[in-house]
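Novice: Just so it is clear, I am handing over final.cif, which has mmCIF, C-alpha atoms.
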data_entry
loop_
_atom_site.group_PDB
_atom_site.id
_atom_site.type_symbol
_atom_site.label_atom_id
_atom_site.label_comp_id
_atom_site.auth_asym_id
_atom_site.auth_seq_id
_atom_site.Cartn_x
_atom_site.Cartn_y
_atom_site.Cartn_z
ATOM 1 C CA MET X 1 0.000 0.000 0.000
ATOM 2 C CA PHE X 2 2.561 2.516 -1.074
ATOM 3 C CA GLY X 3 1.898 5.603 -3.127
ATOM 4 C CA TYR X 4 -1.466 4.888 -4.755
ATOM 5 C CA VAL X 5 -4.005 6.117 -2.197
ATOM 6 C CA ARG X 6 -4.040 9.819 -3.071
ATOM 7 C CA TYR X 7 -6.275 12.820 -2.759
ATOM 8 C CA ASP X 8 -7.558 14.847 -5.721
ATOM 9 C CA LEU X 9 -5.988 18.219 -4.986
ATOM 10 C CA PRO X 10 -8.176 20.499 -7.180
ATOM 11 C CA TYR X 11 -11.277 19.266 -5.319
ATOM 12 C CA LEU X 12 -9.730 19.119 -1.838
ATOM 13 C CA PHE X 13 -11.041 21.779 0.546
ATOM 14 C CA VAL X 14 -8.417 23.823 2.391
ATOM 15 C CA LYS X 15 -9.787 22.576 5.725
ATOM 16 C CA ASP X 16 -9.265 18.980 4.601
ATOM 17 C CA MET X 17 -5.755 19.654 3.344
ATOM 18 C CA ASN X 18 -4.980 21.148 6.746
ATOM 19 C CA LEU X 19 -6.483 18.116 8.479
ATOM 20 C CA TYR X 20 -4.573 15.675 6.282
ATOM 21 C CA ARG X 21 -1.344 17.595 6.868
ATOM 22 C CA ALA X 22 -1.878 17.483 10.640
ATOM 23 C CA VAL X 23 -2.698 13.750 10.558
ATOM 24 C CA TYR X 24 0.362 13.053 8.415
ATOM 25 C CA CYS X 25 2.664 14.873 10.834
ATOM 26 C CA GLY X 26 0.956 13.240 13.810
ATOM 27 C CA LEU X 27 1.530 9.801 12.284
ATOM 28 C CA CYS X 28 5.202 10.667 11.852
ATOM 29 C CA LYS X 29 5.431 11.381 15.568
ATOM 30 C CA GLY X 30 3.448 8.240 16.331
ATOM 31 C CA ILE X 31 5.980 6.158 14.383
ATOM 32 C CA GLY X 32 8.789 7.680 16.419
ATOM 33 C CA ARG X 33 7.063 6.764 19.669
ATOM 34 C CA SER X 34 6.206 3.194 18.751
ATOM 35 C CA CYS X 35 9.121 2.176 16.522
ATOM 36 C CA GLY X 36 11.935 4.709 16.938
ATOM 37 C CA GLN X 37 13.235 7.651 14.976
ATOM 38 C CA ARG X 38 14.707 5.707 12.045
ATOM 39 C CA ALA X 39 11.322 4.194 11.255
ATOM 40 C CA ARG X 40 9.905 7.674 10.607
ATOM 41 C CA LEU X 41 11.746 7.711 7.281
ATOM 42 C CA ALA X 42 9.268 5.125 5.949
ATOM 43 C CA LEU X 43 6.233 7.372 6.567
ATOM 44 C CA THR X 44 3.610 7.026 3.811
ATOM 45 C CA TYR X 45 0.568 9.020 2.729
ATOM 46 C CA ASP X 46 -1.376 5.770 2.507
ATOM 47 C CA VAL X 47 -1.204 5.041 6.231
ATOM 48 C CA ALA X 48 -1.963 8.709 6.921
ATOM 49 C CA PHE X 49 -5.218 8.129 5.051
ATOM 50 C CA LEU X 50 -5.882 5.050 7.186
ATOM 51 C CA SER X 51 -5.342 7.165 10.277
ATOM 52 C CA ALA X 52 -7.863 9.757 9.103
ATOM 53 C CA ILE X 53 -10.588 7.290 8.115
ATOM 54 C CA LEU X 54 -10.153 4.878 11.034
ATOM 55 C CA HIS X 55 -10.213 7.687 13.612
ATOM 56 C CA ASN X 56 -13.384 9.005 11.988
ATOM 57 C CA ILE X 57 -15.255 5.707 11.832
ATOM 58 C CA ALA X 58 -14.176 4.827 15.379
ATOM 59 C CA GLY X 59 -15.491 8.187 16.611
ATOM 60 C CA ILE X 60 -12.103 9.234 17.996
ATOM 61 C CA ASP X 61 -11.725 12.998 17.724
ATOM 62 C CA ILE X 62 -8.359 14.068 16.328
ATOM 63 C CA LYS X 63 -6.861 16.717 18.615
ATOM 64 C CA ILE X 64 -4.579 19.170 16.841
ATOM 65 C CA GLU X 65 -1.933 21.229 18.632
ATOM 66 C CA ARG X 66 0.841 23.513 17.444
ATOM 67 C CA GLN X 67 4.069 21.570 17.875
ATOM 68 C CA LYS X 68 7.628 21.398 16.611
ATOM 69 C CA CYS X 69 9.183 18.342 15.011
ATOM 70 C CA PHE X 70 12.636 17.196 13.908
ATOM 71 C CA GLU X 71 12.037 18.518 10.372
ATOM 72 C CA HIS X 72 10.509 21.819 11.449
ATOM 73 C CA THR X 73 12.469 22.853 14.532
ATOM 74 C CA ILE X 74 11.938 26.616 14.459
ATOM 75 C CA ARG X 75 8.277 27.287 13.756
ATOM 76 C CA LYS X 76 5.496 25.276 15.316
ATOM 77 C CA ARG X 77 2.816 23.881 13.029
ATOM 78 C CA PRO X 78 -0.560 22.206 13.581
ATOM 79 C CA ILE X 79 0.053 18.517 14.300
ATOM 80 C CA ALA X 80 -2.419 15.829 15.352
ATOM 81 C CA VAL X 81 -1.695 14.544 18.839
ATOM 82 C CA ALA X 82 -0.359 10.988 18.605
ATOM 83 C CA ASP X 83 -2.910 8.902 20.506
ATOM 84 C CA ALA X 84 -2.890 5.121 21.042
ATOM 85 C CA MET X 85 -4.371 4.401 17.606
ATOM 86 C CA THR X 86 -1.837 6.663 15.906
ATOM 87 C CA GLU X 87 1.078 4.940 17.603
ATOM 88 C CA GLU X 88 -0.200 1.508 16.564
ATOM 89 C CA LEU X 89 -0.737 2.769 13.024
ATOM 90 C CA GLY X 90 2.881 3.887 13.178
ATOM 91 C CA ALA X 91 3.807 0.284 13.888
ATOM 92 C CA LEU X 92 1.650 -0.798 10.943
ATOM 93 C CA ASN X 93 3.523 1.640 8.699
ATOM 94 C CA THR X 94 6.864 0.265 9.883
ATOM 95 C CA VAL X 95 5.949 -3.401 9.454
ATOM 96 C CA LEU X 96 4.513 -2.810 5.971
ATOM 97 C CA ALA X 97 7.676 -0.970 4.958
ATOM 98 C CA TYR X 98 9.853 -3.798 6.296
ATOM 99 C CA CYS X 99 7.781 -6.421 4.456
ATOM 100 C CA LYS X 100 7.907 -4.391 1.231
ATOM 101 C CA LEU X 101 11.701 -4.253 1.441
ATOM 102 C CA THR X 102 11.751 -8.003 2.117
ATOM 103 C CA ASP X 103 9.741 -8.548 -1.077
ATOM 104 C CA ASP X 104 12.199 -6.369 -2.984
ATOM 105 C CA ILE X 105 15.050 -8.562 -1.760
ATOM 106 C CA VAL X 106 13.223 -11.695 -2.897
ATOM 107 C CA ASP X 107 12.468 -10.152 -6.305
ATOM 108 C CA SER X 108 15.822 -8.548 -7.050
ATOM 109 C CA GLY X 109 18.303 -9.628 -4.392
ATOM 110 C CA ARG X 110 18.840 -5.990 -3.497
ATOM 111 C CA GLY X 111 17.862 -3.861 -0.527
ATOM 112 C CA ARG X 112 19.319 -5.754 2.430
ATOM 113 C CA VAL X 113 21.149 -2.713 3.740
ATOM 114 C CA LYS X 114 18.036 -0.567 3.478
ATOM 115 C CA ARG X 115 15.905 -3.200 5.205
ATOM 116 C CA ALA X 116 18.454 -3.486 8.007
ATOM 117 C CA PHE X 117 17.893 0.214 8.653
ATOM 118 C CA PHE X 118 14.302 -0.585 9.714
ATOM 119 C CA LYS X 119 14.947 -3.899 11.465
ATOM 120 C CA LYS X 120 15.028 -2.394 14.960
ATOM 121 C CA GLY X 121 11.715 -0.623 14.345
ATOM 122 C CA TYR X 122 10.180 -3.870 13.093
ATOM 123 C CA LYS X 123 11.316 -5.684 16.240
ATOM 124 C CA ARG X 124 9.867 -2.939 18.431
ATOM 125 C CA ALA X 125 6.553 -3.171 16.604
ATOM 126 C CA LYS X 126 6.500 -6.948 16.972
ATOM 127 C CA LYS X 127 7.169 -6.727 20.705
ATOM 128 C CA ARG X 128 4.673 -3.954 21.419
ATOM 129 C CA TYR X 129 1.870 -5.030 19.048
ATOM 130 C CA PRO X 130 2.154 -8.828 18.664
ATOM 131 C CA THR X 131 -1.478 -9.263 17.571
ATOM 132 C CA LEU X 132 -1.189 -6.710 14.774
ATOM 133 C CA VAL X 133 2.124 -8.117 13.537
ATOM 134 C CA ALA X 134 0.743 -11.663 13.673
ATOM 135 C CA ILE X 135 -2.149 -10.575 11.434
ATOM 136 C CA LEU X 136 0.247 -9.034 8.935
ATOM 137 C CA ASP X 137 2.722 -11.920 8.977
ATOM 138 C CA GLY X 138 -0.063 -14.460 8.472
ATOM 139 C CA TYR X 139 -1.531 -12.739 5.443
ATOM 140 C CA MET X 140 1.902 -12.032 3.998
ATOM 141 C CA ARG X 141 2.551 -15.782 4.035
ATOM 142 C CA GLU X 142 -0.813 -16.384 2.399
ATOM 143 C CA GLN X 143 0.037 -13.790 -0.252
ATOM 144 C CA ALA X 144 3.341 -15.493 -0.993
ATOM 145 C CA ALA X 145 1.576 -18.843 -1.298
ATOM 146 C CA ALA X 146 -1.120 -17.410 -3.574
ATOM 147 C CA GLU X 147 1.540 -16.125 -5.938
ATOM 148 C CA THR X 148 2.863 -19.643 -6.459
ATOM 149 C CA GLU X 149 -0.437 -21.346 -7.175
ATOM 150 C CA THR X 150 -2.904 -18.780 -8.476
ATOM 151 C CA ALA X 151 -4.019 -18.342 -12.076
ATOM 152 C CA SER X 152 -5.981 -15.082 -11.994
ATOM 153 C CA PRO X 153 -5.469 -11.487 -10.798
ATOM 154 C CA ASP X 154 -8.633 -11.710 -8.709
ATOM 155 C CA SER X 155 -7.490 -14.735 -6.715
ATOM 156 C CA ALA X 156 -3.928 -13.410 -6.407
ATOM 157 C CA ALA X 157 -5.257 -10.240 -4.769
ATOM 158 C CA GLU X 158 -7.474 -12.075 -2.265
ATOM 159 C CA PRO X 159 -4.919 -12.336 0.607
ATOM 160 C CA SER X 160 -4.171 -8.606 0.389
ATOM 161 C CA ALA X 161 -7.901 -7.838 0.389
ATOM 162 C CA GLN X 162 -8.454 -10.064 3.422
ATOM 163 C CA MET X 163 -5.462 -8.513 5.182
ATOM 164 C CA MET X 164 -6.844 -4.995 4.755
ATOM 165 C CA LYS X 165 -10.209 -6.147 6.095
ATOM 166 C CA ALA X 166 -8.512 -7.784 9.099
ATOM 167 C CA ILE X 167 -6.507 -4.607 9.767
ATOM 168 C CA SER X 168 -9.674 -2.492 9.776
ATOM 169 C CA ASP X 169 -11.444 -4.955 12.085
ATOM 170 C CA HIS X 170 -8.450 -4.891 14.429
ATOM 171 C CA PHE X 171 -8.375 -1.103 14.733
ATOM 172 C CA LEU X 172 -12.130 -0.491 14.741
ATOM 173 C CA ARG X 173 -12.929 -3.305 17.184
ATOM 174 C CA GLU X 174 -16.574 -2.919 18.262
ATOM 175 C CA LYS X 175 -17.114 -0.216 15.634
ATOM 176 C CA ALA X 176 -16.302 -2.664 12.841
ATOM 177 C CA THR X 177 -19.302 -3.592 10.670
ATOM 178 C CA LYS X 178 -19.945 -5.634 7.563
ATOM 179 C CA ALA X 179 -19.794 -2.409 5.536
ATOM 180 C CA THR X 180 -16.412 -1.340 6.945
ATOM 181 C CA GLY X 181 -15.006 -4.814 6.328
ATOM 182 C CA GLU X 182 -16.241 -4.803 2.731
ATOM 183 C CA LEU X 183 -14.923 -1.281 2.138
ATOM 184 C CA PHE X 184 -11.419 -2.175 3.254
ATOM 185 C CA TRP X 185 -11.573 -5.515 1.435
ATOM 186 C CA HIS X 186 -12.228 -3.670 -1.843
ATOM 187 C CA LEU X 187 -9.509 -1.132 -1.031
ATOM 188 C CA GLY X 188 -6.949 -3.865 -0.327
ATOM 189 C CA LYS X 189 -7.756 -5.670 -3.561
ATOM 190 C CA TRP X 190 -7.544 -2.421 -5.526
ATOM 191 C CA VAL X 191 -4.112 -1.551 -4.087
ATOM 192 C CA TYR X 192 -2.702 -4.967 -4.967
ATOM 193 C CA LEU X 193 -4.052 -4.968 -8.514
ATOM 194 C CA ILE X 194 -3.201 -1.350 -9.361
ATOM 195 C CA ASP X 195 0.364 -1.923 -8.183
ATOM 196 C CA ALA X 196 0.612 -5.093 -10.290
ATOM 197 C CA LEU X 197 -0.683 -3.333 -13.391
ATOM 198 C CA ASP X 198 1.601 -0.338 -12.850
ATOM 199 C CA ASP X 199 4.638 -2.631 -12.508
ATOM 200 C CA TYR X 200 3.741 -4.862 -15.470
ATOM 201 C CA ASP X 201 6.629 -3.993 -17.788
ATOM 202 C CA GLN X 202 9.146 -3.969 -14.944
ATOM 203 C CA ASP X 203 7.985 -7.369 -13.711
ATOM 204 C CA ILE X 204 8.149 -8.819 -17.235
ATOM 205 C CA LYS X 205 11.691 -7.514 -17.653
ATOM 206 C CA LYS X 206 12.876 -8.856 -14.296
ATOM 207 C CA LYS X 207 10.810 -12.061 -14.566
ATOM 208 C CA ASN X 208 9.010 -11.301 -11.312
ATOM 209 C CA PHE X 209 5.558 -12.633 -10.513
ATOM 210 C CA ASN X 210 2.733 -10.547 -11.949
ATOM 211 C CA PRO X 211 -0.871 -11.838 -11.926
ATOM 212 C CA PHE X 212 -1.775 -10.047 -15.154
ATOM 213 C CA ALA X 213 1.254 -11.493 -16.933
ATOM 214 C CA LEU X 214 0.454 -14.972 -15.647
ATOM 215 C CA SER X 215 -3.162 -14.747 -16.784
ATOM 216 C CA TYR X 216 -2.753 -13.022 -20.131
ATOM 217 C CA GLY X 217 0.878 -13.531 -21.128
ATOM 218 C CA ALA X 218 1.174 -10.286 -23.100
ATOM 219 C CA GLU X 219 4.725 -9.310 -23.985
ATOM 220 C CA ASN X 220 4.336 -5.784 -22.609
ATOM 221 C CA ARG X 221 1.814 -3.532 -20.938
ATOM 222 C CA GLU X 222 0.768 -1.818 -24.168
ATOM 223 C CA LYS X 223 -0.100 -5.173 -25.732
ATOM 224 C CA LEU X 224 -1.864 -6.252 -22.548
ATOM 225 C CA MET X 225 -4.222 -3.261 -22.665
ATOM 226 C CA GLU X 226 -4.747 -3.601 -26.399
ATOM 227 C CA LEU X 227 -5.893 -7.208 -26.118
ATOM 228 C CA HIS X 228 -7.463 -7.325 -22.659
ATOM 229 C CA GLY X 229 -8.106 -3.710 -21.704
ATOM 230 C CA ASP X 230 -11.888 -4.044 -21.543
ATOM 231 C CA GLU X 231 -11.690 -6.984 -19.157
ATOM 232 C CA ILE X 232 -9.178 -5.203 -16.915
ATOM 233 C CA ARG X 233 -11.248 -2.007 -16.859
ATOM 234 C CA PHE X 234 -14.307 -4.042 -15.879
ATOM 235 C CA LEU X 235 -12.342 -5.524 -12.972
ATOM 236 C CA PHE X 236 -11.495 -2.073 -11.632
ATOM 237 C CA ASP X 237 -15.003 -0.740 -12.294
ATOM 238 C CA SER X 238 -16.345 -3.578 -10.146
ATOM 239 C CA LEU X 239 -14.031 -2.562 -7.321
ATOM 240 C CA PHE X 240 -15.153 1.076 -7.605
ATOM 241 C CA TYR X 241 -18.769 0.007 -7.395
ATOM 242 C CA GLY X 242 -18.032 -1.933 -4.223
ATOM 243 C CA LEU X 243 -16.155 0.985 -2.676
ATOM 244 C CA ARG X 244 -18.972 3.426 -3.391
ATOM 245 C CA GLU X 245 -21.694 1.071 -2.170
ATOM 246 C CA GLN X 246 -19.993 0.287 1.135
ATOM 247 C CA LEU X 247 -18.864 3.860 1.748
ATOM 248 C CA ALA X 248 -22.503 4.986 1.553
ATOM 249 C CA ARG X 249 -23.412 2.473 4.285
ATOM 250 C CA ILE X 250 -20.826 3.680 6.814
ATOM 251 C CA GLU X 251 -21.631 6.251 9.470
ATOM 252 C CA PHE X 252 -18.974 8.904 9.988
ATOM 253 C CA PRO X 253 -19.288 10.821 13.292
ATOM 254 C CA PHE X 254 -17.132 13.638 11.910
ATOM 255 C CA ASN X 255 -16.802 15.406 8.556
ATOM 256 C CA ARG X 256 -16.276 12.926 5.688
ATOM 257 C CA ASP X 257 -15.133 15.314 2.941
ATOM 258 C CA LEU X 258 -11.505 14.146 3.111
ATOM 259 C CA THR X 259 -12.443 10.476 2.923
ATOM 260 C CA ASP X 260 -14.842 11.058 0.036
ATOM 261 C CA ASN X 261 -12.224 13.032 -1.871
ATOM 262 C CA ILE X 262 -9.679 10.229 -1.648
ATOM 263 C CA LEU X 263 -11.964 7.248 -2.223
ATOM 264 C CA LEU X 264 -14.342 8.753 -4.778
ATOM 265 C CA ARG X 265 -11.965 11.029 -6.697
ATOM 266 C CA GLY X 266 -8.332 10.264 -5.862
ATOM 267 C CA ILE X 267 -8.468 6.505 -6.381
ATOM 268 C CA PRO X 268 -10.381 6.712 -9.697
ATOM 269 C CA ASN X 269 -7.893 9.328 -10.918
ATOM 270 C CA GLU X 270 -4.961 7.109 -10.004
ATOM 271 C CA THR X 271 -6.601 4.172 -11.770
ATOM 272 C CA ARG X 272 -7.103 6.196 -14.943
ATOM 273 C CA ARG X 273 -3.423 7.147 -14.825
ATOM 274 C CA VAL X 274 -2.268 3.548 -14.538
ATOM 275 C CA LEU X 275 -4.706 2.283 -17.199
ATOM 276 C CA ALA X 276 -3.382 4.944 -19.559
ATOM 277 C CA GLY X 277 0.224 3.966 -18.832
ATOM 278 C CA GLU X 278 1.163 7.423 -17.538
ATOM 279 C CA PRO X 279 4.066 7.846 -15.088
ATOM 280 C CA LYS X 280 3.328 8.328 -11.414
ATOM 281 C CA ARG X 281 2.653 11.955 -10.588
ATOM 282 C CA LYS X 282 4.916 13.636 -8.073
ATOM 283 C CA GLU X 283 3.036 14.149 -4.820
ATOM 284 C CA ILE X 284 2.928 17.663 -3.390
ATOM 285 C CA LYS X 285 4.688 17.533 -0.041
ATOM 286 C CA ILE X 286 1.848 17.587 2.402
ATOM 287 C CA THR X 287 3.745 19.327 5.186
ATOM 288 C CA GLU X 288 4.110 22.435 3.015
ATOM 289 C CA GLN X 289 1.537 25.162 2.563
ATOM 290 C CA ARG X 290 -0.125 25.357 -0.848
ATOM 291 C CA ASN X 291 1.638 28.618 -1.558
ATOM 292 C CA GLY X 292 4.986 27.030 -0.772
ATOM 293 C CA SER X 293 5.509 28.857 2.498
#
Re-express the file's structure as structure tokens.
Specialist:
Amino acid sequence: MFGYVRYDLPYLFVKDMNLYRAVYCGLCKGIGRSCGQRARLALTYDVAFLSAILHNIAGIDIKIERQKCFEHTIRKRPIAVADAMTEELGALNTVLAYCKLTDDIVDSGRGRVKRAFFKKGYKRAKKRYPTLVAILDGYMREQAAAETETASPDSAAEPSAQMMKAISDHFLREKATKATGELFWHLGKWVYLIDALDDYDQDIKKKNFNPFALSYGAENREKLMELHGDEIRFLFDSLFYGLREQLARIEFPFNRDLTDNILLRGIPNETRRVLAGEPKRKEIKITEQRNGS
């Protein structure tokens, strides 16, 4: 879940940009508390989104205070207070980063030094949040197994979809519902498949596993979309339908504009980019003001 869950900036209200910025910075501090300072370097926008939506569904008000941080040492800025959920989400961010680097080592044989940089944070997460890490480790093993025996993108993505559902259930606890589980299931499947489609040519070149390559066998991404584009678009349209349907069934105690922007505009935009074969857009640094100040 790295780099695909994005907001649609032209339709993002200033208040929601400010909220997202505060949540992002708060998550950074939460990572430092739960997994150490090194682990903060793996901070992602994707887990910041999880923090925003999970706090909202759980009915946990995000408290924002003006604070300093290691990157902004002179002027204080609005930062979400790192509560218990934020700190555990920081551990989630760290474990996902460590697992991603482990996958990179398996695929290319490279990245051991970089992974070692986050090993201490991973161990701290495992010690402090054994249930969460057990959930992740279990589904990661299932994902690895699925990639050795599956024959379709849909079945290959199932462990990642189930993992995202299990993560949401874990954090929401008694606030978890069938609708929240289905929402995060669709989100997890979308992340896995959009990443696979985006990496198609690279995976073909390096002879890495790719569910679309295994199913369709096209020599490159351009040929894949030419021959099977309609089927692939239908797959993503089905996921969008599920996201929209479940999102409408979820009660949000607080303002939902940020969540709606990301799920209903940002994710479709990112899908259109990948389907068109366009390069990943550079994300505007969320800790900066829109005017660059």
Novice: I'd like the neighbourhood of segment 270-273 of chain X as an MDAnalysis selection string, where a residue qualifies if any of its atoms comes within 8 Å (using all atoms listed in the file), though same-chain residues fewer than 3 positions away should be ignored.
Specialist: chainID X and resid 4:6 194 236 266:267 276:280
Novice: Return the single residue from X:Thr86, X:Thr94, X:Asn269, X:Gln202 that is closest to Pro10 of chain X, with distances computed using all atoms listed in the file.
Specialist: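 So, comparing all the options, the nearest one is X:Asn269.
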Novice: At a cut-off of 10 Å, using all atoms listed in the file, what residues contact Ala91 of chain X? Leave out same-chain residues fewer than 3 positions from it and give the result as a VMD selection string.
Specialist: chain X and resid 27 30 to 36 39 85 to 88 94 to 97 121 to 126 128 to 129 132 to 133
Novice: Using Å and a single decimal, report how far atom CA of Glu219 of chain X sits from atom CA of Ile232 of chain X.
Specialist: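 Interatomic distance, atom CA of Ile232 of chain X to atom CA of Glu219 of chain X: 16.1 Å.
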Novice: Expressed in Å to a single decimal, how great is the separation between atom CA of Glu222 of chain X and atom CA of Ala196 of chain X?
Specialist: 14.3 Å
Novice: From the options X:Met140, X:Leu183, X:Ile74, X:Gly90, which residue's atoms come nearest to Thr44 of chain X, counting only C-alpha atoms?
Specialist: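 Closest to Thr44 of chain X, using only C-alpha atoms: X:Gly90.
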Novice: Measuring between all atoms listed in the file, which one of X:Asp104, X:Asp257, X:Asp137, X:Glu65 shows the shortest distance to Arg77 of chain X?
Specialist: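 Smallest distance to Arg77 of chain X is found for X:Glu65.
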Novice: Would you translate the PyMOL selection byres ((chain X and resi 246) around 9) into the concrete set of residues it matches in this file, as a PyMOL selection string?
Specialist: chain X and resi 178-183+241-245+247-250
Novice: Excluding Met163 of chain X and residues on its chain fewer than 3 positions from it, collect all residues at most 12 Å away from it, counting all atoms listed in the file, and give them as a ChimeraX atom specification.
Specialist: /X:1,92,96,132-143,157-160,166-170,181-182,184-189,191-192
Novice: Could you state the separation of atom CA of Val113 of chain X and atom CA of Tyr98 of chain X in Å, given to one decimal place?
Specialist: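 Those two atoms sit 11.6 Å apart.
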Novice: Need the shell around Leu54 of chain X: protein/DNA/RNA residues with any atom at most 9 Å away, counting only C-alpha atoms. Skip same-chain ones fewer than 4 positions apart. Format as a list of chain:residue names?
Specialist: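 Contacts, in chain order: X:Phe49, X:Leu50, X:Ala58, X:Gly59, X:Ile60, X:Met85, X:Ser168, X:Phe171, X:Leu172.
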Novice: Please save C-alpha atoms of the selected residues as a PDB file, in the frame of the given file.
Specialist:
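Listing of selection17.pdb after writing:
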ATOM      1  CA  PHE X  49      -5.218   8.129   5.051  1.00  0.00           C
ATOM      2  CA  LEU X  50      -5.882   5.050   7.186  1.00  0.00           C
ATOM      3  CA  ALA X  58     -14.176   4.827  15.379  1.00  0.00           C
ATOM      4  CA  GLY X  59     -15.491   8.187  16.611  1.00  0.00           C
ATOM      5  CA  ILE X  60     -12.103   9.234  17.996  1.00  0.00           C
ATOM      6  CA  MET X  85      -4.371   4.401  17.606  1.00  0.00           C
ATOM      7  CA  SER X 168      -9.674  -2.492   9.776  1.00  0.00           C
ATOM      8  CA  PHE X 171      -8.375  -1.103  14.733  1.00  0.00           C
ATOM      9  CA  LEU X 172     -12.130  -0.491  14.741  1.00  0.00           C
TER      10      LEU X 172
END
Novice: Using only C-alpha atoms, which of X:Lys29, X:Val106, X:Leu43, X:Asn56 sits nearest Ala80 of chain X?
Specialist: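 With only C-alpha atoms as the atom set, the closest residue is X:Lys29.
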Novice: Find the residues with any atom within 9 Å of (-0.6, 13.0, 12.9); use all atoms listed in the file and the coordinates as given in the file, and write the answer as number ranges by chain.
Specialist: X: 19-30, 48, 51-52, 62, 64, 79-83, 86
Novice: Go ahead and dump the residues you just picked, C-alpha atoms, as an mmCIF file, in the coordinates of the input.
Specialist:
data_model
loop_
_atom_site.group_PDB
_atom_site.id
_atom_site.type_symbol
_atom_site.label_atom_id
_atom_site.label_comp_id
_atom_site.auth_asym_id
_atom_site.auth_seq_id
_atom_site.Cartn_x
_atom_site.Cartn_y
_atom_site.Cartn_z
ATOM 1 C CA LEU X 19 -6.483 18.116 8.479
ATOM 2 C CA TYR X 20 -4.573 15.675 6.282
ATOM 3 C CA ARG X 21 -1.344 17.595 6.868
ATOM 4 C CA ALA X 22 -1.878 17.483 10.640
ATOM 5 C CA VAL X 23 -2.698 13.750 10.558
ATOM 6 C CA TYR X 24 0.362 13.053 8.415
ATOM 7 C CA CYS X 25 2.664 14.873 10.834
ATOM 8 C CA GLY X 26 0.956 13.240 13.810
ATOM 9 C CA LEU X 27 1.530 9.801 12.284
ATOM 10 C CA CYS X 28 5.202 10.667 11.852
ATOM 11 C CA LYS X 29 5.431 11.381 15.568
ATOM 12 C CA GLY X 30 3.448 8.240 16.331
ATOM 13 C CA ALA X 48 -1.963 8.709 6.921
ATOM 14 C CA SER X 51 -5.342 7.165 10.277
ATOM 15 C CA ALA X 52 -7.863 9.757 9.103
ATOM 16 C CA ILE X 62 -8.359 14.068 16.328
ATOM 17 C CA ILE X 64 -4.579 19.170 16.841
ATOM 18 C CA ILE X 79 0.053 18.517 14.300
ATOM 19 C CA ALA X 80 -2.419 15.829 15.352
ATOM 20 C CA VAL X 81 -1.695 14.544 18.839
ATOM 21 C CA ALA X 82 -0.359 10.988 18.605
ATOM 22 C CA ASP X 83 -2.910 8.902 20.506
ATOM 23 C CA THR X 86 -1.837 6.663 15.906
#
Novice: Ranking X:Ser155, X:Pro78, X:Asn261, X:His228 by minimum distance to Asn18 of chain X and counting only C-alpha atoms, which one comes first?
Specialist: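 Ranking X:Ser155, X:Pro78, X:Asn261, X:His228 by distance to Asn18 of chain X, first place goes to X:Pro78.
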Novice: Using all atoms listed in the file, pick whichever of X:Thr150, X:Arg38, X:Ile57, X:Asp230 has the shortest atom-to-atom distance to Glu174 of chain X.
Specialist: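 Ranking X:Thr150, X:Arg38, X:Ile57, X:Asp230 by distance to Glu174 of chain X, first place goes to X:Ile57.
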Novice: Kindly list the centre and edge lengths in Å, rounded to one decimal, for the axis-aligned box that covers all listed atoms of segment 112-123 of chain X plus 6 Å on each of its six sides, as lines of an AutoDock Vina configuration file.
Specialist:
center_x = 15.7
center_y = -2.8
center_z = 9.3
size_x = 23.0
size_y = 18.0
size_z = 25.8
